[in-house]
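Engineer: To be precise about what I am sending: the file is called my_file-v9.cif and holds mmCIF, C-alpha atoms.
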```cif
data_entry
loop_
_atom_site.group_PDB
_atom_site.id
_atom_site.type_symbol
_atom_site.label_atom_id
_atom_site.label_comp_id
_atom_site.auth_asym_id
_atom_site.auth_seq_id
_atom_site.Cartn_x
_atom_site.Cartn_y
_atom_site.Cartn_z
ATOM 1 C CA MET B 92 62.382 -31.363 100.177
ATOM 2 C CA ASN B 93 58.991 -29.960 99.135
ATOM 3 C CA LEU B 94 57.359 -26.627 98.362
ATOM 4 C CA GLN B 95 55.933 -26.388 101.865
ATOM 5 C CA GLN B 96 59.421 -26.523 103.349
ATOM 6 C CA LEU B 97 60.582 -23.852 100.898
ATOM 7 C CA ARG B 98 57.697 -21.597 101.943
ATOM 8 C CA TYR B 99 58.478 -22.175 105.620
ATOM 9 C CA ALA B 100 62.170 -21.309 105.095
ATOM 10 C CA VAL B 101 61.292 -18.088 103.252
ATOM 11 C CA ALA B 102 58.732 -17.104 105.908
ATOM 12 C CA LEU B 103 61.246 -17.663 108.703
ATOM 13 C CA ALA B 104 63.932 -15.723 106.811
ATOM 14 C CA GLU B 105 61.546 -12.765 106.509
ATOM 15 C CA GLU B 106 60.099 -12.887 110.028
ATOM 16 C CA LEU B 107 63.199 -14.131 111.908
ATOM 17 C CA ASN B 108 60.799 -15.414 114.538
ATOM 18 C CA PHE B 109 59.414 -18.945 114.668
ATOM 19 C CA GLY B 110 56.103 -17.922 116.233
ATOM 20 C CA ARG B 111 55.335 -15.179 113.721
ATOM 21 C CA ALA B 112 56.495 -17.282 110.761
ATOM 22 C CA ALA B 113 54.302 -20.215 111.842
ATOM 23 C CA LEU B 114 51.309 -17.904 112.306
ATOM 24 C CA ARG B 115 51.892 -16.437 108.849
ATOM 25 C CA GLU B 116 51.853 -19.926 107.336
ATOM 26 C CA GLY B 117 48.726 -20.896 109.268
ATOM 27 C CA VAL B 118 50.277 -23.712 111.334
ATOM 28 C CA ARG B 119 51.264 -24.260 114.949
ATOM 29 C CA GLN B 120 54.842 -23.542 115.905
ATOM 30 C CA PRO B 121 55.974 -27.102 116.822
ATOM 31 C CA PRO B 122 55.245 -28.678 113.407
ATOM 32 C CA PHE B 123 56.647 -25.558 111.725
ATOM 33 C CA SER B 124 59.915 -25.925 113.641
ATOM 34 C CA GLN B 125 60.010 -29.652 112.880
ATOM 35 C CA GLN B 126 59.823 -28.992 109.129
ATOM 36 C CA ILE B 127 62.678 -26.473 109.300
ATOM 37 C CA GLY B 128 64.733 -29.056 111.226
ATOM 38 C CA LYS B 129 63.974 -31.791 108.682
ATOM 39 C CA LEU B 130 64.988 -29.470 105.860
ATOM 40 C CA GLU B 131 68.312 -28.663 107.511
ATOM 41 C CA GLU B 132 68.897 -32.343 108.207
ATOM 42 C CA GLU B 133 68.280 -33.241 104.574
ATOM 43 C CA LEU B 134 70.598 -30.484 103.328
ATOM 44 C CA GLY B 135 73.270 -31.263 105.880
ATOM 45 C CA VAL B 136 73.762 -27.576 106.764
ATOM 46 C CA ARG B 137 72.353 -25.070 109.210
ATOM 47 C CA LEU B 138 70.117 -22.497 107.540
ATOM 48 C CA PHE B 139 69.303 -20.554 110.713
ATOM 49 C CA GLU B 140 71.231 -19.719 113.871
ATOM 50 C CA ARG B 141 68.919 -19.858 116.888
ATOM 51 C CA THR B 142 69.440 -18.311 120.293
ATOM 52 C CA THR B 143 66.962 -17.574 123.065
ATOM 53 C CA ARG B 144 66.839 -13.979 121.832
ATOM 54 C CA GLN B 145 67.016 -14.105 118.062
ATOM 55 C CA VAL B 146 66.977 -16.070 114.829
ATOM 56 C CA ARG B 147 69.273 -15.173 111.982
ATOM 57 C CA LEU B 148 70.220 -16.599 108.614
ATOM 58 C CA THR B 149 73.514 -18.370 108.120
ATOM 59 C CA PRO B 150 75.455 -17.822 104.874
ATOM 60 C CA ALA B 151 74.066 -21.184 103.710
ATOM 61 C CA GLY B 152 70.582 -20.001 104.663
ATOM 62 C CA GLU B 153 70.943 -16.789 102.679
ATOM 63 C CA ALA B 154 71.987 -18.750 99.584
ATOM 64 C CA PHE B 155 69.195 -21.275 100.055
ATOM 65 C CA VAL B 156 66.416 -18.720 100.627
ATOM 66 C CA ALA B 157 67.401 -16.730 97.532
ATOM 67 C CA GLU B 158 66.984 -19.853 95.380
ATOM 68 C CA ALA B 159 63.863 -20.920 97.296
ATOM 69 C CA ARG B 160 62.152 -17.636 96.427
ATOM 70 C CA MET B 161 62.851 -18.207 92.734
ATOM 71 C CA SER B 162 61.662 -21.812 92.947
ATOM 72 C CA LEU B 163 58.409 -20.738 94.587
ATOM 73 C CA ALA B 164 57.897 -18.058 91.940
ATOM 74 C CA HIS B 165 58.461 -20.633 89.190
ATOM 75 C CA ALA B 166 56.069 -23.062 90.866
ATOM 76 C CA ALA B 167 53.399 -20.349 91.083
ATOM 77 C CA LEU B 168 53.947 -19.506 87.433
ATOM 78 C CA ALA B 169 53.659 -23.182 86.471
ATOM 79 C CA ALA B 170 50.416 -23.502 88.428
ATOM 80 C CA GLU B 171 48.927 -20.410 86.817
ATOM 81 C CA SER B 172 50.019 -21.585 83.369
ATOM 82 C CA ALA B 173 48.244 -24.887 83.963
ATOM 83 C CA ARG B 174 45.098 -23.108 85.134
ATOM 84 C CA ARG B 175 45.108 -20.809 82.103
ATOM 85 C CA ALA B 176 45.556 -23.745 79.745
ATOM 86 C CA GLY B 177 42.765 -25.575 81.547
ATOM 87 C CA ARG B 178 40.473 -22.581 81.007
ATOM 88 C CA GLY B 179 41.438 -22.370 77.346
ATOM 89 C CA GLU B 180 43.308 -19.094 77.826
ATOM 90 C CA ALA B 181 46.697 -20.336 76.615
ATOM 91 C CA GLY B 182 48.076 -22.838 74.168
ATOM 92 C CA ARG B 183 47.891 -23.330 70.408
ATOM 93 C CA LEU B 184 44.765 -23.672 68.276
ATOM 94 C CA VAL B 185 44.996 -24.892 64.664
ATOM 95 C CA ILE B 186 41.978 -23.763 62.616
ATOM 96 C CA GLY B 187 41.079 -24.956 59.142
ATOM 97 C CA PHE B 188 38.729 -22.930 56.948
ATOM 98 C CA VAL B 189 37.268 -22.806 53.464
ATOM 99 C CA GLY B 190 38.011 -19.628 51.524
ATOM 100 C CA SER B 191 34.452 -18.262 51.651
ATOM 101 C CA ALA B 192 34.589 -18.255 55.469
ATOM 102 C CA THR B 193 36.983 -15.293 55.348
ATOM 103 C CA ASN B 194 34.380 -13.040 53.739
ATOM 104 C CA ILE B 195 32.155 -12.675 56.807
ATOM 105 C CA THR B 196 32.174 -15.318 59.519
ATOM 106 C CA LEU B 197 35.799 -16.081 60.308
ATOM 107 C CA PRO B 198 37.140 -12.486 60.679
ATOM 108 C CA ARG B 199 34.401 -11.591 63.173
ATOM 109 C CA VAL B 200 34.967 -14.654 65.319
ATOM 110 C CA LEU B 201 38.760 -14.317 65.189
ATOM 111 C CA ARG B 202 38.567 -10.715 66.379
ATOM 112 C CA ARG B 203 36.435 -11.733 69.346
ATOM 113 C CA PHE B 204 38.612 -14.744 70.126
ATOM 114 C CA ARG B 205 41.878 -12.800 70.024
ATOM 115 C CA ALA B 206 40.427 -10.046 72.214
ATOM 116 C CA ARG B 207 39.164 -12.533 74.785
ATOM 117 C CA TYR B 208 42.087 -14.989 74.695
ATOM 118 C CA PRO B 209 45.218 -13.014 73.770
ATOM 119 C CA GLY B 210 47.484 -15.725 75.200
ATOM 120 C CA VAL B 211 46.381 -18.323 72.633
ATOM 121 C CA GLN B 212 48.562 -18.879 69.568
ATOM 122 C CA ILE B 213 46.396 -19.305 66.459
ATOM 123 C CA GLU B 214 47.460 -21.140 63.308
ATOM 124 C CA LEU B 215 45.164 -20.687 60.299
ATOM 125 C CA ARG B 216 45.095 -23.086 57.345
ATOM 126 C CA GLU B 217 42.946 -22.557 54.258
ATOM 127 C CA LEU B 218 41.829 -26.002 53.125
ATOM 128 C CA PRO B 219 38.907 -27.465 51.161
ATOM 129 C CA THR B 220 36.199 -29.276 53.098
ATOM 130 C CA ALA B 221 37.336 -32.834 52.386
ATOM 131 C CA GLN B 222 40.931 -32.159 53.433
ATOM 132 C CA GLN B 223 39.787 -30.411 56.592
ATOM 133 C CA ALA B 224 37.619 -33.369 57.542
ATOM 134 C CA GLU B 225 40.508 -35.796 57.109
ATOM 135 C CA GLU B 226 43.001 -33.623 58.994
ATOM 136 C CA LEU B 227 40.503 -33.135 61.811
ATOM 137 C CA ARG B 228 40.116 -36.901 62.008
ATOM 138 C CA GLN B 229 43.893 -37.343 62.160
ATOM 139 C CA GLY B 230 44.326 -34.639 64.819
ATOM 140 C CA LEU B 231 46.246 -32.278 62.527
ATOM 141 C CA LEU B 232 43.527 -29.619 62.943
ATOM 142 C CA ASP B 233 41.719 -28.707 66.145
ATOM 143 C CA VAL B 234 38.644 -27.136 64.591
ATOM 144 C CA GLY B 235 37.388 -26.460 61.074
ATOM 145 C CA LEU B 236 35.016 -24.218 59.153
ATOM 146 C CA LEU B 237 33.662 -26.172 56.214
ATOM 147 C CA HIS B 238 30.565 -27.141 54.274
ATOM 148 C CA ALA B 239 28.630 -30.041 55.797
ATOM 149 C CA PRO B 240 27.310 -32.685 55.562
ATOM 150 C CA LEU B 241 30.417 -34.853 55.649
ATOM 151 C CA ALA B 242 30.897 -38.362 54.337
ATOM 152 C CA GLY B 243 33.294 -41.245 54.850
ATOM 153 C CA PRO B 244 35.265 -42.210 57.967
ATOM 154 C CA ALA B 245 35.605 -38.594 59.122
ATOM 155 C CA ALA B 246 31.834 -38.206 59.427
ATOM 156 C CA GLU B 247 31.798 -40.929 62.091
ATOM 157 C CA VAL B 248 34.186 -39.122 64.438
ATOM 158 C CA LEU B 249 33.370 -35.445 63.811
ATOM 159 C CA THR B 250 30.609 -33.187 65.083
ATOM 160 C CA THR B 251 29.332 -30.235 63.051
ATOM 161 C CA ARG B 252 27.227 -27.205 63.944
ATOM 162 C CA THR B 253 25.875 -24.752 61.407
ATOM 163 C CA VAL B 254 27.092 -21.190 62.022
ATOM 164 C CA ALA B 255 25.983 -19.458 58.805
ATOM 165 C CA ARG B 256 23.420 -19.976 56.051
ATOM 166 C CA GLU B 257 23.503 -18.320 52.673
ATOM 167 C CA LEU B 258 22.055 -18.558 49.180
ATOM 168 C CA LEU B 259 23.852 -19.455 45.990
ATOM 169 C CA LEU B 260 24.476 -16.707 43.415
ATOM 170 C CA ALA B 261 25.503 -16.731 39.785
ATOM 171 C CA ALA B 262 28.977 -15.267 39.145
ATOM 172 C CA LEU B 263 29.387 -13.680 35.703
ATOM 173 C CA PRO B 264 32.025 -11.582 33.923
ATOM 174 C CA ALA B 265 31.001 -7.919 34.192
ATOM 175 C CA ASP B 266 30.654 -7.648 30.402
ATOM 176 C CA HIS B 267 28.531 -10.786 30.055
ATOM 177 C CA PRO B 268 25.158 -10.250 28.319
ATOM 178 C CA LEU B 269 23.330 -11.689 31.355
ATOM 179 C CA ALA B 270 25.122 -9.310 33.770
ATOM 180 C CA THR B 271 22.557 -6.543 33.153
ATOM 181 C CA ARG B 272 19.709 -8.599 34.585
ATOM 182 C CA GLY B 273 18.682 -8.223 38.202
ATOM 183 C CA THR B 274 17.952 -11.884 38.772
ATOM 184 C CA LEU B 275 18.594 -14.948 36.636
ATOM 185 C CA PRO B 276 16.619 -18.141 36.179
ATOM 186 C CA ALA B 277 19.094 -20.974 36.607
ATOM 187 C CA ALA B 278 18.103 -22.227 33.147
ATOM 188 C CA ALA B 279 19.682 -19.082 31.645
ATOM 189 C CA LEU B 280 23.084 -20.597 32.446
ATOM 190 C CA ALA B 281 22.412 -23.837 30.586
ATOM 191 C CA ARG B 282 24.609 -22.994 27.579
ATOM 192 C CA GLU B 283 27.398 -21.386 29.596
ATOM 193 C CA PRO B 284 30.803 -22.942 30.312
ATOM 194 C CA PHE B 285 31.347 -23.354 34.054
ATOM 195 C CA VAL B 286 34.322 -22.840 36.359
ATOM 196 C CA MET B 287 34.049 -25.168 39.379
ATOM 197 C CA PHE B 288 36.119 -26.826 42.054
ATOM 198 C CA PRO B 289 36.702 -30.597 41.940
ATOM 199 C CA ARG B 290 33.957 -32.496 43.759
ATOM 200 C CA ARG B 291 36.451 -34.405 45.908
ATOM 201 C CA TYR B 292 37.399 -31.177 47.695
ATOM 202 C CA GLY B 293 33.859 -30.307 48.823
ATOM 203 C CA PRO B 294 31.238 -32.905 47.937
ATOM 204 C CA ALA B 295 28.350 -31.267 49.847
ATOM 205 C CA LEU B 296 28.748 -27.818 48.283
ATOM 206 C CA TYR B 297 29.492 -29.273 44.842
ATOM 207 C CA ASP B 298 26.319 -31.364 44.933
ATOM 208 C CA ARG B 299 24.216 -28.397 46.014
ATOM 209 C CA ILE B 300 25.531 -26.293 43.149
ATOM 210 C CA THR B 301 25.065 -28.969 40.524
ATOM 211 C CA SER B 302 21.590 -29.781 41.864
ATOM 212 C CA VAL B 303 20.558 -26.214 40.976
ATOM 213 C CA ALA B 304 21.512 -26.879 37.359
ATOM 214 C CA LEU B 305 19.919 -30.306 37.298
ATOM 215 C CA ALA B 306 16.667 -28.896 38.708
ATOM 216 C CA ALA B 307 16.708 -26.353 35.834
ATOM 217 C CA GLY B 308 17.069 -29.134 33.300
ATOM 218 C CA PHE B 309 20.763 -29.120 32.437
ATOM 219 C CA GLU B 310 24.094 -30.498 33.574
ATOM 220 C CA PRO B 311 26.823 -27.851 33.849
ATOM 221 C CA VAL B 312 29.653 -28.131 31.335
ATOM 222 C CA ILE B 313 32.794 -27.610 33.425
ATOM 223 C CA VAL B 314 35.650 -26.224 31.332
ATOM 224 C CA GLN B 315 38.016 -25.266 34.164
ATOM 225 C CA GLU B 316 38.550 -26.391 37.744
ATOM 226 C CA ALA B 317 40.097 -24.434 40.627
ATOM 227 C CA VAL B 318 40.266 -25.204 44.329
ATOM 228 C CA GLN B 319 39.787 -21.790 45.973
ATOM 229 C CA MET B 320 36.750 -19.532 45.568
ATOM 230 C CA GLN B 321 38.967 -16.493 44.976
ATOM 231 C CA THR B 322 40.600 -18.318 42.069
ATOM 232 C CA ILE B 323 37.241 -19.342 40.647
ATOM 233 C CA VAL B 324 36.067 -15.719 40.729
ATOM 234 C CA GLY B 325 39.309 -14.609 39.072
ATOM 235 C CA LEU B 326 38.802 -17.105 36.265
ATOM 236 C CA VAL B 327 35.217 -15.893 35.831
ATOM 237 C CA ALA B 328 36.583 -12.344 35.523
ATOM 238 C CA ALA B 329 38.946 -13.582 32.811
ATOM 239 C CA GLY B 330 35.995 -14.818 30.790
ATOM 240 C CA ILE B 331 36.797 -18.515 31.155
ATOM 241 C CA GLY B 332 33.222 -19.243 32.198
ATOM 242 C CA VAL B 333 30.514 -18.574 34.762
ATOM 243 C CA SER B 334 30.019 -20.142 38.174
ATOM 244 C CA ILE B 335 27.577 -20.543 41.043
ATOM 245 C CA VAL B 336 29.009 -19.562 44.420
ATOM 246 C CA PRO B 337 27.883 -18.884 48.024
ATOM 247 C CA GLU B 338 26.614 -15.320 48.441
ATOM 248 C CA SER B 339 29.420 -14.440 50.871
ATOM 249 C CA VAL B 340 31.820 -14.646 47.921
ATOM 250 C CA ALA B 341 30.102 -11.532 46.497
ATOM 251 C CA ARG B 342 31.827 -9.545 49.236
ATOM 252 C CA LEU B 343 35.030 -9.771 47.225
ATOM 253 C CA ARG B 344 33.595 -6.712 45.378
ATOM 254 C CA ARG B 345 35.529 -7.066 42.124
ATOM 255 C CA GLY B 346 34.692 -4.598 39.376
ATOM 256 C CA ASP B 347 35.135 -7.222 36.683
ATOM 257 C CA VAL B 348 32.672 -9.754 38.126
ATOM 258 C CA VAL B 349 28.984 -9.411 38.954
ATOM 259 C CA PHE B 350 26.933 -11.644 41.225
ATOM 260 C CA ARG B 351 23.254 -12.154 40.513
ATOM 261 C CA PRO B 352 20.533 -13.891 42.544
ATOM 262 C CA LEU B 353 18.998 -16.922 40.935
ATOM 263 C CA SER B 354 15.234 -17.192 40.587
ATOM 264 C CA PRO B 355 13.587 -18.805 42.283
ATOM 265 C CA PRO B 356 16.026 -18.394 45.218
ATOM 266 C CA THR B 357 18.205 -21.472 45.402
ATOM 267 C CA ARG B 358 18.543 -23.806 48.303
ATOM 268 C CA VAL B 359 20.569 -22.631 51.282
ATOM 269 C CA VAL B 360 24.184 -23.668 51.728
ATOM 270 C CA THR B 361 25.685 -23.791 55.187
ATOM 271 C CA LEU B 362 29.004 -22.988 56.814
ATOM 272 C CA ASP B 363 29.664 -25.334 59.699
ATOM 273 C CA VAL B 364 32.099 -25.337 62.598
ATOM 274 C CA THR B 365 33.474 -28.854 63.014
ATOM 275 C CA TRP B 366 35.478 -30.652 65.689
ATOM 276 C CA ARG B 367 36.329 -34.152 66.886
ATOM 277 C CA THR B 368 33.401 -35.582 68.806
ATOM 278 C CA GLY B 369 34.120 -35.533 72.532
ATOM 279 C CA ASP B 370 37.312 -33.467 72.216
ATOM 280 C CA PRO B 371 37.972 -32.100 75.732
ATOM 281 C CA ASN B 372 40.306 -29.323 74.517
ATOM 282 C CA PRO B 373 39.042 -26.107 76.187
ATOM 283 C CA LEU B 374 40.487 -24.039 73.321
ATOM 284 C CA VAL B 375 38.102 -25.755 70.912
ATOM 285 C CA HIS B 376 35.173 -25.208 73.267
ATOM 286 C CA ASN B 377 35.979 -21.512 73.665
ATOM 287 C CA PHE B 378 36.309 -21.014 69.911
ATOM 288 C CA ARG B 379 33.025 -22.764 69.157
ATOM 289 C CA ALA B 380 31.204 -20.771 71.812
ATOM 290 C CA LEU B 381 31.907 -17.474 70.026
ATOM 291 C CA PHE B 382 29.772 -18.297 66.986
ATOM 292 C CA PRO B 383 26.309 -16.726 67.113
ATOM 293 C CA ALA B 384 23.216 -18.599 65.989
ATOM 294 C CA PRO B 385 23.052 -18.511 62.173
ATOM 295 C CA ARG B 386 20.646 -16.129 60.466
ATOM 296 C CA GLN B 387 18.388 -17.109 57.624
ATOM 297 C CA PRO B 388 19.464 -15.714 54.206
ATOM 298 C CA ARG B 389 17.812 -12.397 53.457
ATOM 299 C CA GLN B 390 16.186 -13.690 50.265
ATOM 300 C CA ALA B 391 15.136 -17.077 51.573
ATOM 301 C CA ARG B 392 11.459 -16.100 51.709
ATOM 302 C CA ALA B 393 11.317 -14.711 48.135
#
```
How would this structure read if it were set down as C-alpha cells?
Structural biologist:
Amino acid sequence: MNLQQLRYAVALAEELNFGRAALREGVRQPPFSQQIGKLEEELGVRLFERTTRQVRLTPAGEAFVAEARMSLAHAALAAESARRAGRGEAGRLVIGFVGSATNITLPRVLRRFRARYPGVQIELRELPTAQQAEELRQGLLDVGLLHAPLAGPAAEVLTTRTVARELLLAALPADHPLATRGTLPAAALAREPFVMFPRRYGPALYDRITSVALAAGFEPVIVQEAVQMQTIVGLVAAGIGVSIVPESVARLRRGDVVFRPLSPPTRVVTLDVTWRTGDPNPLVHNFRALFPAPRQPRQARA
C-alpha cells in the first residue's frame, strides 16, 4: 500500500467513475484500475462494487476511504512541515548573548526574526563570551552574540561576523567628583577602584578595557568582580568603584550612574554573531541574515 493508491481510492470514491477518476489523477484508465485492484487484493476486501452502469463504495470501502483521507492529510502536513523546517521557518533556535547585546542589537533582530519566522521556537540564554564559545562548540547553542576575537579550541571551529561596533565609556557613580566633566582622560581613573568581570568570561573585551588603562600609564585596581554588565553598573551605583564599559550599556539610563566618553576616544569594541563553521542549519542562516552591516561609532573620528 502506498500514498498513490490512497489517492486513487479517494478519487474513485468521489468520482464513482474510473475514467473521470483516472483523468483527475493524470493517468490512463488501465493502470489506474490495476492499482485499485492491487489495493483490494492486498486488503483482502472489495472497496468498490462495479457494474456496467455504476461504481459504488462498499461498507469496507467507505471505512477505508475515510481513513485514507486522514492519512493523505497527515502526509501533506508532514511534507509541509519538512519544507518549512528546510526553509528555516520552523524548529527551535537556541541563542546565547552577552548582557550588553540586549541594549540595542538583540531586541531589534529578535523583533524582525519573530515577525518573519513566527513558527520558530526561540530559547535565549544570557552567557559570558567564553561560555558561549564553549557551548557553541559542544552544540548546546546554535548561535551566539559575543565579543570576539575568540581563543582556544572553540576558535578553530567557530565563525564570527561583526554586527556592531562601539566605544568604551567610563561608568561613574552620579555623585563622583569626575561625574561633572564632559569627557575624561583615561589617566583620571588611575587612582580609582574598579569593578570588572573576571577575564576568563570575556578575554577579548577584558583585554581591550585593561589596555585603555595600560596605555594611560596605570593598571586598574580591581576591588570587585561581577559577571553581568547590569550587575557591574549596579555596583558602580553603590559606590564600590568605577568601570569602563561598552557604550551600549549607557542605555540602561540609571539616575545613579553617569557614563562619560574617554579622551582621546578609546579603541572600538565589537559585538559579533558567532556560529559553528559550516553549520547547515537554515535557522542559523536566517538569524544571521537579519543583522545589518555594523556602523562606525559616532565618536570614532574625534
Engineer: Please enumerate the residues selected by the PyMOL selection byres ((chain B and resi 128) around 12) when evaluated against the supplied file, formatted as a list of chain:residue names.
Structural biologist: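 Taken on the displayed file, the PyMOL selection byres ((chain B and resi 128) around 12) yields the residues B:Met92, B:Gln96, B:Tyr99, B:Ala100, B:Phe109, B:Pro121, B:Pro122, B:Phe123, B:Ser124, B:Gln125, B:Gln126, B:Ile127, B:Lys129, B:Leu130, B:Glu131, B:Glu132, B:Glu133, B:Leu134, B:Gly135, B:Val136, B:Arg137, B:Leu138, B:Phe139, B:Glu140, B:Arg141.
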Engineer: So which one's closest to Asp298 of chain B, B:Leu218, B:Ala167, B:Ile335, B:Ala281? Using all atoms listed in the file, please.
Structural biologist: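 So, comparing all the options, the nearest one is B:Ile335.
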Engineer: Would you compute the distance between atom CA of Arg160 of chain B and atom CA of Thr143 of chain B? Give it in Å to one decimal.
Structural biologist: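 Distance between the two atoms: 27.1 Å.
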Engineer: Going by the chain IDs and residue numbers used in this file, which residues fall under the PyMOL selection byres ((chain B and resi 365-367) around 8)? Write them as a list in words.
Structural biologist: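 For this structure, the PyMOL selection byres ((chain B and resi 365-367) around 8) captures Leu227, Arg228, Asp233, Val234, Gly235, Leu236, Leu237, Val248, Leu249, Thr250, Thr251, Arg252, Asp363, Val364, Thr368, Gly369, Asp370 and Val375 of chain B.
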Engineer: Which residue is closest to Ile213 of chain B? Choose from B:Ala113, B:Leu374, B:Ala170, B:Val340 and count all atoms listed in the file.
Structural biologist: B:Leu374
Engineer: Could you tell me which residues the PyMOL selection byres ((chain B and resi 352-361) around 10) returns for this structure, as a PyMOL selection string?
Structural biologist: chain B and resi 237-240+252-262+272-279+295-296+299-300+302-303+335-338+350-351+362-364+385+387-388+390-393
Engineer: Now that the selection is made, can you save its residues with C-alpha atoms as a compact mmCIF listing (two decimals), keeping the file's coordinate frame?
Structural biologist:
```txt
# COMPACT_ATOMS: atom_id res chain seq x y z
CA LEU B 237 33.66 -26.17 56.21
CA HIS B 238 30.56 -27.14 54.27
CA ALA B 239 28.63 -30.04 55.80
CA PRO B 240 27.31 -32.68 55.56
CA ARG B 252 27.23 -27.20 63.94
CA THR B 253 25.88 -24.75 61.41
CA VAL B 254 27.09 -21.19 62.02
CA ALA B 255 25.98 -19.46 58.80
CA ARG B 256 23.42 -19.98 56.05
CA GLU B 257 23.50 -18.32 52.67
CA LEU B 258 22.06 -18.56 49.18
CA LEU B 259 23.85 -19.45 45.99
CA LEU B 260 24.48 -16.71 43.42
CA ALA B 261 25.50 -16.73 39.78
CA ALA B 262 28.98 -15.27 39.15
CA ARG B 272 19.71 -8.60 34.58
CA GLY B 273 18.68 -8.22 38.20
CA THR B 274 17.95 -11.88 38.77
CA LEU B 275 18.59 -14.95 36.64
CA PRO B 276 16.62 -18.14 36.18
CA ALA B 277 19.09 -20.97 36.61
CA ALA B 278 18.10 -22.23 33.15
CA ALA B 279 19.68 -19.08 31.64
CA ALA B 295 28.35 -31.27 49.85
CA LEU B 296 28.75 -27.82 48.28
CA ARG B 299 24.22 -28.40 46.01
CA ILE B 300 25.53 -26.29 43.15
CA SER B 302 21.59 -29.78 41.86
CA VAL B 303 20.56 -26.21 40.98
CA ILE B 335 27.58 -20.54 41.04
CA VAL B 336 29.01 -19.56 44.42
CA PRO B 337 27.88 -18.88 48.02
CA GLU B 338 26.61 -15.32 48.44
CA PHE B 350 26.93 -11.64 41.22
CA ARG B 351 23.25 -12.15 40.51
CA LEU B 362 29.00 -22.99 56.81
CA ASP B 363 29.66 -25.33 59.70
CA VAL B 364 32.10 -25.34 62.60
CA PRO B 385 23.05 -18.51 62.17
CA GLN B 387 18.39 -17.11 57.62
CA PRO B 388 19.46 -15.71 54.21
CA GLN B 390 16.19 -13.69 50.26
CA ALA B 391 15.14 -17.08 51.57
CA ARG B 392 11.46 -16.10 51.71
CA ALA B 393 11.32 -14.71 48.14
```
Engineer: Quick one, how far is atom CA of Arg342 of chain B from atom CA of Gln222 of chain B?
Structural biologist: 24.7 Å
Engineer: Nearest residue to Glu225 of chain B out of B:Val333, B:Thr196, B:Tyr292, B:Leu201, using only C-alpha atoms?
Structural biologist: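 Of B:Val333, B:Thr196, B:Tyr292, B:Leu201, the one nearest Glu225 of chain B is B:Tyr292, counting only C-alpha atoms.
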Engineer: Ranking B:Ala270, B:Ala380, B:Val312, B:Leu148 by minimum distance to Leu107 of chain B and counting all atoms listed in the file, which one comes first?
Structural biologist: B:Leu148
Engineer: Rounded to one decimal place, report the atom CA of Pro383 of chain B-atom CA of Pro244 of chain B distance in Å.
Structural biologist: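 Atom CA of Pro244 of chain B lies at a distance of 28.5 Å from atom CA of Pro383 of chain B.
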Engineer: Would you pick out the contacts of Ile313 of chain B at 10 Å or less, using only C-alpha atoms, so that residues sharing its chain but fewer than 3 positions from it are not included, and give the list as a list of chain:residue names?
Structural biologist: B:Glu283, B:Pro284, B:Phe285, B:Val286, B:Met287, B:Phe288, B:Pro289, B:Glu310, B:Glu316, B:Gly332, B:Val333, B:Ser334
Engineer: Would you give the centre and edge lengths, in Å to one decimal, of a box along x, y and z around the listed atoms of segment 223-242 of chain B, with 4 Å added to each side, as AutoDock Vina command-line options?
Structural biologist:
```
--center_x 36.8 --center_y -31.3 --center_z 60.2 --size_x 26.9 --size_y 22.1 --size_z 19.9
```
Engineer: Which residues are close to Glu226 of chain B, i.e. within 9 Å by only C-alpha atoms, leaving aside same-chain residues fewer than 5 positions away? Reply as an MDAnalysis selection string.
Structural biologist: chainID B and resid 187 221 231:233 245
Engineer: I'd like the neighbourhood of segment 180-184 of chain B as a PDB file with C-alpha atoms, in the coordinates of the input, where a residue qualifies if any of its atoms comes within 6 Å (using all atoms listed in the file), though same-chain residues fewer than 6 positions away should be ignored.
Structural biologist:
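Ended up saving to out_13.pdb:
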```
ATOM      1  CA  TYR B 208      42.087 -14.989  74.695  1.00  0.00           C
ATOM      2  CA  GLY B 210      47.484 -15.725  75.200  1.00  0.00           C
ATOM      3  CA  VAL B 211      46.381 -18.323  72.633  1.00  0.00           C
ATOM      4  CA  GLN B 212      48.562 -18.879  69.568  1.00  0.00           C
ATOM      5  CA  ILE B 213      46.396 -19.305  66.459  1.00  0.00           C
TER       6      ILE B 213
END
```
